[in-house]
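Q: Structure file input16.cif, mmCIF, C-alpha atoms and all ligand atoms, is pasted below:
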data_upload
loop_
_atom_site.label_atom_id
_atom_site.label_comp_id
_atom_site.auth_asym_id
_atom_site.auth_seq_id
_atom_site.Cartn_x
_atom_site.Cartn_y
_atom_site.Cartn_z
CA MET Y 1 36.26 75.92 60.10
CA LEU Y 2 36.14 72.35 61.32
CA PRO Y 3 38.69 71.05 63.81
CA ALA Y 4 41.29 68.68 62.41
CA VAL Y 5 40.11 65.15 63.00
CA GLY Y 6 41.56 61.79 62.10
CA ALA Y 7 40.49 59.58 59.22
CA GLY Y 8 37.41 57.55 60.01
CA ILE Y 9 36.00 60.08 62.44
CA VAL Y 10 32.35 60.72 61.74
CA ILE Y 11 31.05 64.24 61.37
CA PHE Y 12 27.40 64.90 62.06
CA VAL Y 13 26.14 68.17 60.76
CA SER Y 14 23.16 69.58 62.58
CA LEU Y 15 20.27 71.08 60.69
CA ALA Y 16 20.77 74.74 61.43
CA GLN Y 17 20.67 77.85 59.34
CA GLY Y 18 23.71 78.24 57.11
CA TRP Y 19 25.12 74.76 57.65
CA SER Y 20 26.35 74.64 54.07
CA ASP Y 21 27.32 77.18 51.45
CA PRO Y 22 26.84 77.67 47.75
CA PRO Y 23 30.12 76.97 45.93
CA THR Y 24 32.07 80.10 45.07
CA ALA Y 25 34.87 80.47 42.57
CA ALA Y 26 38.12 79.31 44.13
CA ALA Y 27 40.98 81.78 44.51
CA PRO Y 28 43.29 81.54 41.50
CA ASP Y 29 46.74 79.97 41.85
CA PRO Y 30 49.20 82.78 40.93
CA GLN Y 31 51.46 80.30 39.09
CA ILE Y 32 48.56 79.22 36.86
CA THR Y 33 47.45 82.83 36.29
CA ALA Y 34 50.98 83.72 35.19
CA ALA Y 35 51.14 80.72 32.85
CA ILE Y 36 47.91 81.52 31.02
CA HIS Y 37 49.10 85.09 30.51
CA GLN Y 38 51.99 83.59 28.52
CA VAL Y 39 49.59 82.17 25.91
CA SER Y 40 50.20 84.14 22.72
CA ALA Y 41 47.73 84.79 19.90
CA GLN Y 42 50.73 85.61 17.67
CA GLN Y 43 52.32 82.23 18.37
CA ILE Y 44 49.00 80.49 17.67
CA GLN Y 45 48.62 82.40 14.40
CA ALA Y 46 52.14 81.37 13.36
CA ASP Y 47 51.39 77.72 14.25
CA ILE Y 48 48.15 77.66 12.24
CA GLU Y 49 49.70 79.41 9.23
CA LYS Y 50 52.60 76.95 9.31
CA LEU Y 51 50.18 74.00 9.38
CA VAL Y 52 48.18 75.46 6.46
CA GLY Y 53 51.48 75.88 4.56
CA PHE Y 54 51.84 72.10 4.19
CA GLY Y 55 49.14 72.31 1.49
CA THR Y 56 47.20 69.30 2.66
CA ARG Y 57 47.37 67.26 5.85
CA LEU Y 58 44.99 64.59 4.63
CA THR Y 59 45.87 61.35 6.42
CA LEU Y 60 46.27 59.69 2.99
CA SER Y 61 48.59 62.45 1.68
CA ALA Y 62 52.33 62.22 1.12
CA GLN Y 63 54.78 61.12 3.78
CA ASP Y 64 57.68 60.08 1.56
CA PRO Y 65 61.10 61.71 2.18
CA GLN Y 66 60.95 63.95 -0.91
CA SER Y 67 57.53 65.39 -0.03
CA MET Y 68 58.59 65.85 3.57
CA ALA Y 69 61.73 67.68 2.43
CA ALA Y 70 59.55 69.84 0.17
CA GLY Y 71 57.25 70.66 3.08
CA HIS Y 72 54.16 69.12 1.54
CA GLY Y 73 51.69 66.64 3.01
CA ILE Y 74 50.95 65.07 6.37
CA GLY Y 75 54.44 63.64 6.85
CA ALA Y 76 55.99 67.11 6.79
CA ALA Y 77 53.32 68.42 9.18
CA ARG Y 78 54.01 65.60 11.62
CA GLU Y 79 57.77 66.25 11.62
CA TRP Y 80 57.19 69.96 12.19
CA ILE Y 81 54.89 69.31 15.20
CA LYS Y 82 57.48 66.95 16.65
CA GLY Y 83 60.14 69.63 16.17
CA GLN Y 84 57.98 72.21 17.98
CA PHE Y 85 57.55 69.93 21.00
CA GLU Y 86 61.30 69.23 20.95
CA SER Y 87 62.14 72.94 20.89
CA TYR Y 88 59.85 73.54 23.90
CA SER Y 89 61.62 70.68 25.64
CA ARG Y 90 65.03 72.23 24.96
CA ASP Y 91 63.74 75.44 26.55
CA CYS Y 92 62.95 73.55 29.78
CA SER Y 93 66.16 71.45 29.95
CA GLY Y 94 64.51 68.38 28.44
CA CYS Y 95 61.41 68.43 30.65
CA LEU Y 96 59.22 67.03 27.85
CA GLU Y 97 59.46 63.50 26.56
CA VAL Y 98 58.50 63.77 22.86
CA LYS Y 99 57.06 60.57 21.42
CA THR Y 100 55.17 59.15 18.48
CA ASP Y 101 52.50 56.46 18.38
CA SER Y 102 52.76 55.11 14.84
CA PHE Y 103 50.87 52.20 13.32
CA LEU Y 104 49.81 50.76 9.98
CA GLN Y 105 46.06 51.26 9.59
CA ALA Y 106 44.41 48.48 7.61
CA PRO Y 107 42.01 49.52 4.81
CA ALA Y 108 38.68 50.82 6.13
CA ASP Y 109 35.78 53.02 4.97
CA ARG Y 110 37.89 56.08 4.19
CA ILE Y 111 41.29 54.32 4.06
CA PRO Y 112 41.62 52.67 0.61
CA ASN Y 113 45.14 51.30 1.19
CA PRO Y 114 47.18 50.33 4.26
CA THR Y 115 48.27 53.70 5.67
CA GLN Y 116 50.82 54.71 8.26
CA ILE Y 117 49.15 56.89 10.90
CA THR Y 118 51.28 58.73 13.44
CA ASN Y 119 50.16 60.50 16.61
CA VAL Y 120 52.70 62.93 18.06
CA TYR Y 121 52.78 63.75 21.76
CA ALA Y 122 54.83 65.27 24.53
CA VAL Y 123 54.78 64.14 28.15
CA LEU Y 124 55.40 66.53 31.05
CA LYS Y 125 56.02 64.00 33.78
CA GLY Y 126 54.58 64.73 37.21
CA SER Y 127 57.05 65.87 39.87
CA ASP Y 128 55.45 63.89 42.71
CA PRO Y 129 56.30 60.16 42.63
CA GLN Y 130 52.90 59.24 44.08
CA SER Y 131 50.97 61.47 41.66
CA ALA Y 132 53.00 61.11 38.45
CA LYS Y 133 51.00 58.12 37.26
CA ARG Y 134 47.89 60.30 37.20
CA MET Y 135 47.54 61.97 33.80
CA VAL Y 136 45.56 64.74 32.18
CA LEU Y 137 45.61 65.14 28.42
CA VAL Y 138 44.87 67.78 25.79
CA THR Y 139 44.44 66.83 22.15
CA GLY Y 140 43.66 68.17 18.67
CA HIS Y 141 43.80 66.49 15.27
CA TYR Y 142 46.45 67.69 12.82
CA ASP Y 143 45.02 65.94 9.77
CA SER Y 144 42.74 67.92 7.43
CA ARG Y 145 40.47 67.31 4.43
CA ASN Y 146 38.64 69.15 1.67
CA SER Y 147 35.36 68.29 -0.13
CA ASP Y 148 36.75 64.90 -1.15
CA THR Y 149 38.07 62.77 1.67
CA PHE Y 150 40.23 60.84 -0.84
CA ASP Y 151 41.86 63.89 -2.52
CA VAL Y 152 45.50 63.35 -1.60
CA THR Y 153 46.97 66.40 -3.39
CA GLY Y 154 44.33 69.20 -3.50
CA ALA Y 155 44.57 72.02 -0.99
CA ALA Y 156 43.06 71.17 2.42
CA PRO Y 157 44.15 74.11 4.62
CA GLY Y 158 42.33 72.98 7.77
CA ALA Y 159 43.08 76.24 9.59
CA ASN Y 160 40.13 75.90 11.94
CA ASP Y 161 39.52 72.12 11.56
CA ASP Y 162 41.73 71.38 13.20
CA GLY Y 163 44.75 73.64 12.96
CA SER Y 164 43.15 75.50 15.84
CA GLY Y 165 43.01 72.45 18.14
CA THR Y 166 46.54 71.42 17.17
CA ALA Y 167 47.72 74.93 18.05
CA VAL Y 168 45.97 74.66 21.45
CA SER Y 169 47.92 71.46 22.28
CA LEU Y 170 51.18 73.07 21.14
CA GLU Y 171 50.58 76.31 23.02
CA CYS Y 172 49.58 74.51 26.23
CA ALA Y 173 52.85 72.56 25.96
CA ARG Y 174 54.85 75.75 25.43
CA VAL Y 175 53.48 77.61 28.45
CA LEU Y 176 52.99 74.74 30.91
CA SER Y 177 56.37 73.10 30.29
CA LYS Y 178 57.92 76.04 32.15
CA LEU Y 179 56.22 74.81 35.35
CA LYS Y 180 56.19 71.69 37.49
CA PHE Y 181 53.04 69.83 38.50
CA PRO Y 182 52.60 66.82 40.79
CA ALA Y 183 50.62 64.88 38.14
CA THR Y 184 51.55 64.24 34.49
CA ILE Y 185 50.26 66.28 31.53
CA ILE Y 186 50.19 64.87 27.99
CA PHE Y 187 50.03 67.19 24.97
CA LEU Y 188 48.74 65.14 22.05
CA THR Y 189 48.10 65.73 18.36
CA VAL Y 190 46.49 62.90 16.38
CA ALA Y 191 45.95 62.04 12.72
CA GLY Y 192 43.20 60.00 11.04
CA GLU Y 193 40.33 61.95 12.62
CA GLU Y 194 38.73 62.81 9.29
CA GLN Y 195 39.06 59.21 8.05
CA GLY Y 196 37.27 57.72 11.09
CA LEU Y 197 38.97 58.73 14.38
CA ASN Y 198 41.68 56.17 13.61
CA GLY Y 199 44.55 57.92 15.40
CA SER Y 200 42.73 58.67 18.64
CA LYS Y 201 41.22 55.17 18.68
CA HIS Y 202 44.69 53.62 18.50
CA PHE Y 203 46.06 55.96 21.16
CA ALA Y 204 43.14 55.47 23.59
CA GLU Y 205 43.30 51.68 23.17
CA MET Y 206 47.05 51.76 23.84
CA ALA Y 207 46.43 53.85 26.97
CA ARG Y 208 43.80 51.42 28.22
CA GLN Y 209 45.91 48.34 27.47
CA GLN Y 210 48.88 49.87 29.30
CA GLY Y 211 46.68 50.85 32.25
CA TRP Y 212 47.22 54.61 31.97
CA ASP Y 213 45.33 56.49 34.66
CA ILE Y 214 44.01 59.36 32.49
CA GLU Y 215 41.69 61.50 34.63
CA ALA Y 216 40.66 63.95 31.92
CA VAL Y 217 40.85 64.38 28.16
CA LEU Y 218 40.30 67.82 26.61
CA ASN Y 219 39.64 67.51 22.88
CA ASN Y 220 39.81 70.79 20.96
CA ASP Y 221 38.29 70.52 17.50
CA ILE Y 222 37.16 73.64 15.60
CA VAL Y 223 38.05 76.26 18.21
CA GLY Y 224 39.01 78.92 15.66
CA GLY Y 225 36.11 81.26 16.39
CA ASP Y 226 35.14 81.51 12.70
CA ARG Y 227 34.48 85.17 11.88
CA ASN Y 228 30.79 84.80 10.95
CA SER Y 229 28.14 87.27 11.99
CA GLY Y 230 26.46 84.85 14.42
CA GLN Y 231 29.66 84.02 16.28
CA LYS Y 232 29.90 84.58 20.03
CA THR Y 233 33.54 85.20 20.83
CA ASP Y 234 33.03 85.10 24.60
CA VAL Y 235 31.90 81.46 24.81
CA VAL Y 236 33.18 78.03 23.81
CA ARG Y 237 30.95 74.98 23.79
CA VAL Y 238 32.00 72.01 25.93
CA PHE Y 239 30.29 68.76 24.91
CA SER Y 240 30.12 65.80 27.30
CA GLU Y 241 28.44 62.42 27.08
CA GLY Y 242 25.57 61.55 29.46
CA VAL Y 243 25.20 57.78 29.85
CA PRO Y 244 28.77 56.59 29.21
CA VAL Y 245 29.30 54.58 26.04
CA ALA Y 246 31.59 52.35 28.13
CA ALA Y 247 28.94 51.69 30.82
CA THR Y 248 28.39 48.02 31.59
CA ASP Y 249 24.87 46.56 31.83
CA ALA Y 250 25.16 46.78 35.62
CA ASP Y 251 26.22 50.45 35.35
CA VAL Y 252 23.24 51.20 33.11
CA ARG Y 253 20.83 49.52 35.56
CA ARG Y 254 22.20 51.64 38.39
CA ILE Y 255 22.12 54.82 36.31
CA ARG Y 256 18.51 54.11 35.37
CA SER Y 257 17.34 53.38 38.90
CA LEU Y 258 19.16 56.30 40.58
CA GLY Y 259 18.86 59.04 37.98
CA GLY Y 260 22.56 59.00 37.24
CA GLU Y 261 22.28 59.91 33.57
CA ASN Y 262 23.63 63.42 34.19
CA ASP Y 263 26.70 62.40 36.17
CA SER Y 264 29.14 60.61 33.89
CA SER Y 265 32.80 61.26 34.66
CA SER Y 266 32.91 63.32 31.44
CA ARG Y 267 30.09 65.54 32.71
CA GLU Y 268 31.86 66.04 36.05
CA LEU Y 269 34.87 67.11 34.00
CA ALA Y 270 32.68 69.57 32.07
CA ARG Y 271 31.43 71.05 35.37
CA TYR Y 272 35.04 71.26 36.55
CA ILE Y 273 35.90 73.26 33.42
CA ALA Y 274 32.95 75.57 34.12
CA GLU Y 275 34.38 76.24 37.58
CA VAL Y 276 37.88 76.80 36.20
CA GLY Y 277 36.32 79.31 33.82
CA LYS Y 278 35.04 81.30 36.82
CA THR Y 279 38.35 81.14 38.71
CA TYR Y 280 40.60 82.00 35.76
CA LEU Y 281 39.00 84.60 33.53
CA ALA Y 282 40.38 83.25 30.27
CA GLY Y 283 38.41 85.65 28.08
CA VAL Y 284 36.07 82.88 27.00
CA SER Y 285 33.43 81.12 29.12
CA PRO Y 286 32.63 77.45 28.81
CA MET Y 287 29.05 76.80 27.67
CA LEU Y 288 28.22 73.28 28.77
CA ILE Y 289 26.31 71.19 26.24
CA PHE Y 290 24.94 68.03 27.82
CA ARG Y 291 25.37 65.94 24.67
CA LEU Y 292 28.20 63.81 23.27
CA ASP Y 293 28.67 65.93 20.15
CA ARG Y 294 26.85 67.98 17.52
CA TYR Y 295 24.29 66.38 15.16
CA LEU Y 296 25.90 64.37 12.34
CA ARG Y 297 29.39 64.93 13.77
CA GLY Y 298 31.91 63.05 15.89
CA GLY Y 299 35.32 63.65 17.37
CA ASP Y 300 38.35 62.21 19.10
CA HIS Y 301 36.93 62.53 22.63
CA TYR Y 302 34.62 59.64 21.71
CA SER Y 303 37.61 57.31 21.23
CA PHE Y 304 38.60 58.02 24.84
CA ASN Y 305 35.00 57.69 26.08
CA GLN Y 306 34.88 54.25 24.45
CA GLN Y 307 37.83 53.22 26.62
CA GLY Y 308 36.06 54.49 29.74
CA TYR Y 309 37.97 57.77 30.11
CA ALA Y 310 36.41 61.14 31.00
CA ALA Y 311 36.68 63.20 27.81
CA VAL Y 312 35.00 66.35 26.51
CA ARG Y 313 35.00 68.33 23.27
CA PHE Y 314 35.62 72.08 22.94
CA THR Y 315 34.11 73.70 19.81
CA GLU Y 316 33.40 77.31 18.86
CA TYR Y 317 29.85 78.61 19.42
CA ARG Y 318 28.77 78.91 15.78
CA GLU Y 319 30.40 76.96 12.98
CA ASP Y 320 30.38 78.07 9.35
CA PHE Y 321 30.05 74.89 7.33
CA ASN Y 322 31.25 76.68 4.18
CA HIS Y 323 34.62 76.90 5.93
CA GLN Y 324 34.96 73.20 6.81
CA HIS Y 325 35.65 70.15 4.63
CA GLN Y 326 35.37 72.32 1.48
CA ASN Y 327 37.54 72.82 -1.59
CA VAL Y 328 38.90 76.35 -1.57
CA ARG Y 329 36.81 78.29 -4.09
CA THR Y 330 34.36 81.13 -4.58
CA GLU Y 331 30.93 80.22 -5.92
CA GLY Y 332 28.04 82.64 -6.36
CA GLY Y 333 29.93 85.18 -4.30
CA VAL Y 334 30.34 82.73 -1.40
CA GLU Y 335 33.85 81.89 -0.18
CA TYR Y 336 34.44 78.24 0.65
CA GLY Y 337 37.43 76.66 2.37
CA ASP Y 338 39.05 76.44 5.80
CA LEU Y 339 41.42 79.39 5.48
CA PRO Y 340 43.40 81.26 8.17
CA ARG Y 341 41.64 84.53 7.39
CA PHE Y 342 38.39 83.17 8.82
CA VAL Y 343 40.12 82.27 12.12
CA ASN Y 344 40.07 84.62 15.11
CA PHE Y 345 43.49 84.02 16.68
CA ASP Y 346 42.66 85.97 19.84
CA TYR Y 347 39.73 83.62 20.37
CA VAL Y 348 41.91 80.51 19.91
CA ALA Y 349 44.32 81.99 22.45
CA ASN Y 350 41.49 82.39 24.97
CA VAL Y 351 40.40 78.77 24.42
CA ALA Y 352 44.04 77.74 24.94
CA ARG Y 353 44.06 79.72 28.22
CA LEU Y 354 40.95 77.89 29.45
CA ASN Y 355 42.53 74.55 28.49
CA ALA Y 356 45.86 75.41 30.13
CA ALA Y 357 44.12 76.53 33.34
CA THR Y 358 42.10 73.29 33.43
CA LEU Y 359 45.14 71.09 32.81
CA ALA Y 360 47.20 72.96 35.41
CA SER Y 361 44.40 72.87 38.01
CA LEU Y 362 43.89 69.13 37.59
CA ALA Y 363 47.63 68.37 37.53
CA SER Y 364 48.08 70.42 40.73
CA ALA Y 365 45.17 68.78 42.54
CA PRO Y 366 45.28 65.69 44.72
CA ALA Y 367 43.91 62.42 43.34
CA PRO Y 368 40.12 62.16 43.66
CA PRO Y 369 38.92 60.26 46.76
CA ALA Y 370 38.58 56.51 46.21
CA ASN Y 371 35.68 54.14 46.84
CA VAL Y 372 33.14 56.90 47.51
CA ARG Y 373 29.96 55.39 48.96
CA LEU Y 374 26.53 56.60 49.99
CA LEU Y 375 25.25 54.40 52.81
CA THR Y 376 21.81 52.96 52.11
CA LYS Y 377 21.53 50.31 54.81
CA GLU Y 378 18.33 51.72 56.27
CA LEU Y 379 15.58 54.11 55.27
CA GLN Y 380 16.75 57.45 56.67
CA ASN Y 381 16.19 61.10 55.88
CA ASP Y 382 19.84 61.90 56.66
CA SER Y 383 22.60 60.98 54.23
CA THR Y 384 25.90 59.41 55.21
CA LEU Y 385 28.83 59.43 52.80
CA ARG Y 386 32.08 57.55 53.32
CA TRP Y 387 35.23 57.31 51.21
CA ASP Y 388 38.83 56.16 51.20
CA SER Y 389 41.61 58.71 51.33
CA SER Y 390 42.85 60.28 48.15
CA PRO Y 391 45.38 57.62 47.02
CA ASP Y 392 48.35 59.90 46.30
CA GLY Y 393 48.44 61.18 49.87
CA ARG Y 394 48.21 64.86 48.90
CA ALA Y 395 44.71 65.67 50.14
CA ALA Y 396 44.52 68.04 53.09
CA SER Y 397 40.73 67.96 53.26
CA TYR Y 398 37.60 66.81 51.50
CA GLU Y 399 34.46 68.60 50.31
CA VAL Y 400 31.00 67.22 49.70
CA LEU Y 401 29.08 68.85 46.85
CA TRP Y 402 25.41 68.44 46.10
CA ARG Y 403 22.62 69.76 43.96
CA SER Y 404 18.94 69.09 43.43
CA THR Y 405 18.30 66.34 40.89
CA SER Y 406 16.97 68.83 38.35
CA SER Y 407 19.86 71.29 38.62
CA PRO Y 408 22.66 71.31 36.07
CA ASP Y 409 25.49 72.24 38.44
CA TRP Y 410 26.56 71.92 42.09
CA GLU Y 411 24.59 74.13 44.47
CA GLN Y 412 25.96 73.41 47.94
CA ILE Y 413 29.33 72.57 49.43
CA LYS Y 414 30.50 71.36 52.83
CA SER Y 415 34.06 70.74 53.94
CA THR Y 416 34.63 67.68 56.11
CA GLY Y 417 38.15 68.67 57.13
CA ASN Y 418 40.25 65.55 56.82
CA ALA Y 419 37.44 63.23 57.92
CA ASN Y 420 36.49 60.44 55.51
CA GLN Y 421 32.83 60.33 56.45
CA ILE Y 422 30.02 62.78 56.96
CA THR Y 423 26.32 62.62 57.80
CA LEU Y 424 24.28 65.46 56.35
CA PRO Y 425 20.70 66.45 57.19
CA GLU Y 426 19.75 66.23 53.55
CA SER Y 427 17.74 63.40 52.02
CA LYS Y 428 19.67 61.38 49.44
CA ASP Y 429 16.35 60.93 47.63
CA ASN Y 430 16.26 64.62 46.75
CA VAL Y 431 19.80 65.48 45.73
CA ILE Y 432 22.90 64.21 43.94
CA PHE Y 433 26.09 64.13 46.00
CA ALA Y 434 29.76 64.05 45.08
CA VAL Y 435 33.01 64.21 47.06
CA ARG Y 436 36.28 65.86 46.05
CA ALA Y 437 39.76 66.10 47.55
CA VAL Y 438 41.46 69.44 48.27
CA ASP Y 439 45.17 70.10 48.87
CA LYS Y 440 46.57 72.63 51.32
CA GLU Y 441 46.74 75.35 48.65
CA GLY Y 442 43.10 74.83 47.67
CA HIS Y 443 43.51 72.90 44.40
CA HIS Y 444 40.63 70.46 44.17
CA SER Y 445 40.21 67.17 42.38
CA LEU Y 446 37.43 66.06 40.08
CA PRO Y 447 34.35 65.20 42.14
CA VAL Y 448 33.33 61.57 42.50
CA VAL Y 449 29.66 60.60 42.69
CA PRO Y 450 29.09 57.89 45.31
CA ILE Y 451 28.03 54.32 44.66
CA PRO Y 452 25.24 53.15 46.98
CA ALA Y 453 26.52 50.73 49.62
CA ARG Y 454 24.87 48.82 52.44
ZN ZN Y 501 37.77 68.20 13.19
#
Could you rewrite the structure in this file as structure tokens?

A:
Amino acid sequence: MLPAVGAGIVIFVSLAQGWSDPPTAAAPDPQITAAIHQVSAQQIQADIEKLVGFGTRLTLSAQDPQSMAAGHGIGAAREWIKGQFESYSRDCSGCLEVKTDSFLQAPADRIPNPTQITNVYAVLKGSDPQSAKRMVLVTGHYDSRNSDTFDVTGAAPGANDDGSGTAVSLECARVLSKLKFPATIIFLTVAGEEQGLNGSKHFAEMARQQGWDIEAVLNNDIVGGDRNSGQKTDVVRVFSEGVPVAATDADVRRIRSLGGENDSSSRELARYIAEVGKTYLAGVSPMLIFRLDRYLRGGDHYSFNQQGYAAVRFTEYREDFNHQHQNVRTEGGVEYGDLPRFVNFDYVANVARLNAATLASLASAPAPPANVRLLTKELQNDSTLRWDSSPDGRAASYEVLWRSTSSPDWEQIKSTGNANQITLPESKDNVIFAVRAVDKEGHHSLPVVPIPAR
């Protein structure tokens, strides 16, 4: 335990046995543990079956008043999702602000005619005035498709793709809206994914233009745990980009010269999720995939990456491509189509628990430290890190993390108390450092990798 010292005080750590520790799983926050126990596989099953009941949720499908009244097409699905968020808000005395982001999409590759696209979301505003502008977000796409991406009337059940991800956003809203967090949580469902990520692109651009401080985006797409023989029900893949698509030329030069290709903000988020998975045993473990997405596939997290936000994708371990983007039929004894009976609702519930624990941990944590620097004025075998205080004033202490350059995850940790600088007897040439903020209850922020500074 380090003595309490003022900001700007320098800590020198001597090179002695046991001067740092391997990171261990943090103690769970009882409030978060209780919340994830509220996640219900039955509720998720009901949500997915309801979504399938709209027949098709193709972005180009009906949204006229008659079809909506008849409960058919994407318009009816959208109104139902909005109603679910509103009912959760009534249960918490109006704690959720339910909103839509609606726009007319001009014709594009898979959009033959101008089409109204509507994203539906609920905002659980942060309770701390200094932290409320910080946001974490969970999303899934509520649109679906079958074999023909222009078939506006044929059945497109989309139970797994992406009824499952939509259900995760809804269920996170239901259980987390009963609690208060210092930072803001947004529960989003988007349309247009299957036509070209149109909904998420519009939303992420709006967020960037309005200067939203989104620290993390969790995109759940195909988290149904399809009941195929190769499925692993105890893991969920978490995809994260390496070199950020939004990196500037100067960023890319620095990444290239310092070996920073494994430390995008999205990858730090993925590592954070891995740690949450150890603290809160959600029933499913994150399996980090250091790759933007699967071969030949894309998803809504990319729209957020393009705007410079940290965003990852959750997807089941083994997909069955006969159960995605297929007309419902049986051919040669093989069943095709994205039907609820192939979905493992207990698995979706576990993925929702992991998401809810991640959102709650981040929304409880202080803001990450600002302006984190690694001093490189002279050639030295020690390493000095310096940073500005966590801007929302909620940090009680800071921790430096590091790992060897060839290791996938953090290997060592050292608290600096409330000091904003530390010198470690570890060569910066051999390791990758990061700094995170910790509040008095032990919630920790996303880690920030330092920029070299002279
Ligand atoms: Zn999808």

Q: For CA of Thr423 (chain Y) and CA of Asn381 (chain Y), determine how far apart the two atoms are, in Å to one decimal place.

A: 10.4 Å

Q: Enumerate as a PDB file with C-alpha atoms, keeping the file's coordinate frame the residues within 12 Å of ligand ZN 501 (chain Y), counting only C-alpha atoms and all ligand atoms.

A:
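Output (part.pdb):
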ATOM      1  CA  LEU Y  58      44.990  64.590   4.630  1.00  0.00           C
ATOM      2  CA  THR Y 139      44.440  66.830  22.150  1.00  0.00           C
ATOM      3  CA  GLY Y 140      43.660  68.170  18.670  1.00  0.00           C
ATOM      4  CA  HIS Y 141      43.800  66.490  15.270  1.00  0.00           C
ATOM      5  CA  TYR Y 142      46.450  67.690  12.820  1.00  0.00           C
ATOM      6  CA  ASP Y 143      45.020  65.940   9.770  1.00  0.00           C
ATOM      7  CA  SER Y 144      42.740  67.920   7.430  1.00  0.00           C
ATOM      8  CA  ARG Y 145      40.470  67.310   4.430  1.00  0.00           C
ATOM      9  CA  ASN Y 146      38.640  69.150   1.670  1.00  0.00           C
ATOM     10  CA  GLY Y 158      42.330  72.980   7.770  1.00  0.00           C
ATOM     11  CA  ALA Y 159      43.080  76.240   9.590  1.00  0.00           C
ATOM     12  CA  ASN Y 160      40.130  75.900  11.940  1.00  0.00           C
ATOM     13  CA  ASP Y 161      39.520  72.120  11.560  1.00  0.00           C
ATOM     14  CA  ASP Y 162      41.730  71.380  13.200  1.00  0.00           C
ATOM     15  CA  GLY Y 163      44.750  73.640  12.960  1.00  0.00           C
ATOM     16  CA  SER Y 164      43.150  75.500  15.840  1.00  0.00           C
ATOM     17  CA  GLY Y 165      43.010  72.450  18.140  1.00  0.00           C
ATOM     18  CA  THR Y 166      46.540  71.420  17.170  1.00  0.00           C
ATOM     19  CA  THR Y 189      48.100  65.730  18.360  1.00  0.00           C
ATOM     20  CA  VAL Y 190      46.490  62.900  16.380  1.00  0.00           C
ATOM     21  CA  ALA Y 191      45.950  62.040  12.720  1.00  0.00           C
ATOM     22  CA  GLY Y 192      43.200  60.000  11.040  1.00  0.00           C
ATOM     23  CA  GLU Y 193      40.330  61.950  12.620  1.00  0.00           C
ATOM     24  CA  GLU Y 194      38.730  62.810   9.290  1.00  0.00           C
ATOM     25  CA  GLN Y 195      39.060  59.210   8.050  1.00  0.00           C
ATOM     26  CA  GLY Y 196      37.270  57.720  11.090  1.00  0.00           C
ATOM     27  CA  LEU Y 197      38.970  58.730  14.380  1.00  0.00           C
ATOM     28  CA  ASN Y 219      39.640  67.510  22.880  1.00  0.00           C
ATOM     29  CA  ASN Y 220      39.810  70.790  20.960  1.00  0.00           C
ATOM     30  CA  ASP Y 221      38.290  70.520  17.500  1.00  0.00           C
ATOM     31  CA  ILE Y 222      37.160  73.640  15.600  1.00  0.00           C
ATOM     32  CA  VAL Y 223      38.050  76.260  18.210  1.00  0.00           C
ATOM     33  CA  GLY Y 224      39.010  78.920  15.660  1.00  0.00           C
ATOM     34  CA  ASP Y 293      28.670  65.930  20.150  1.00  0.00           C
ATOM     35  CA  ARG Y 294      26.850  67.980  17.520  1.00  0.00           C
ATOM     36  CA  ARG Y 297      29.390  64.930  13.770  1.00  0.00           C
ATOM     37  CA  GLY Y 298      31.910  63.050  15.890  1.00  0.00           C
ATOM     38  CA  GLY Y 299      35.320  63.650  17.370  1.00  0.00           C
ATOM     39  CA  ASP Y 300      38.350  62.210  19.100  1.00  0.00           C
ATOM     40  CA  HIS Y 301      36.930  62.530  22.630  1.00  0.00           C
ATOM     41  CA  ARG Y 313      35.000  68.330  23.270  1.00  0.00           C
ATOM     42  CA  PHE Y 314      35.620  72.080  22.940  1.00  0.00           C
ATOM     43  CA  THR Y 315      34.110  73.700  19.810  1.00  0.00           C
ATOM     44  CA  GLU Y 316      33.400  77.310  18.860  1.00  0.00           C
ATOM     45  CA  GLU Y 319      30.400  76.960  12.980  1.00  0.00           C
ATOM     46  CA  PHE Y 321      30.050  74.890   7.330  1.00  0.00           C
ATOM     47  CA  HIS Y 323      34.620  76.900   5.930  1.00  0.00           C
ATOM     48  CA  GLN Y 324      34.960  73.200   6.810  1.00  0.00           C
ATOM     49  CA  HIS Y 325      35.650  70.150   4.630  1.00  0.00           C
ATOM     50  CA  ASP Y 338      39.050  76.440   5.800  1.00  0.00           C
TER      51      ASP Y 338
END

Q: So the first atom is CA of Ser404 (chain Y) and the second is CA of Ala310 (chain Y); what is the distance between them in Å, to one decimal place?

A: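 Separating CA of Ser404 (chain Y) from CA of Ala310 (chain Y) is a distance of 22.9 Å.
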
Q: So how many Å separate CA of Glu331 (chain Y) and CA of Glu49 (chain Y), to one decimal?

A: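 We find that CA of Glu331 (chain Y) and CA of Glu49 (chain Y) lie 24.1 Å from each other.
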
Q: Step by step: start from the point (27.4, 59.0, 29.8) in the file's coordinates, keep every protein, DNA or RNA residue that has an atom no farther than 10 Å from it, count only C-alpha atoms, and write the set as a list in words.

A: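 Protein and nucleic acid residues near the point are Ser240, Glu241, Gly242, Val243, Pro244, Val245, Ala246, Ala247, Val252, Ile255, Gly260, Glu261, Asn262, Asp263, Ser264, Ser265, Ser266, Arg267, Phe290, Arg291, Leu292, Asn305, Gly308 and Ala310 of chain Y.
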
Q: Within 8 Å of Ser285 (chain Y), counting only C-alpha atoms, which residues qualify if same-chain residues fewer than 5 places away don't, as a compact mmCIF listing (two decimals) with C-alpha atoms, keeping the file's coordinate frame?

A:
# COMPACT_ATOMS: atom_id res chain seq x y z
CA ASP Y 234 33.03 85.10 24.60
CA VAL Y 235 31.90 81.46 24.81
CA VAL Y 236 33.18 78.03 23.81
CA ALA Y 274 32.95 75.57 34.12
CA GLY Y 277 36.32 79.31 33.82
CA LYS Y 278 35.04 81.30 36.82
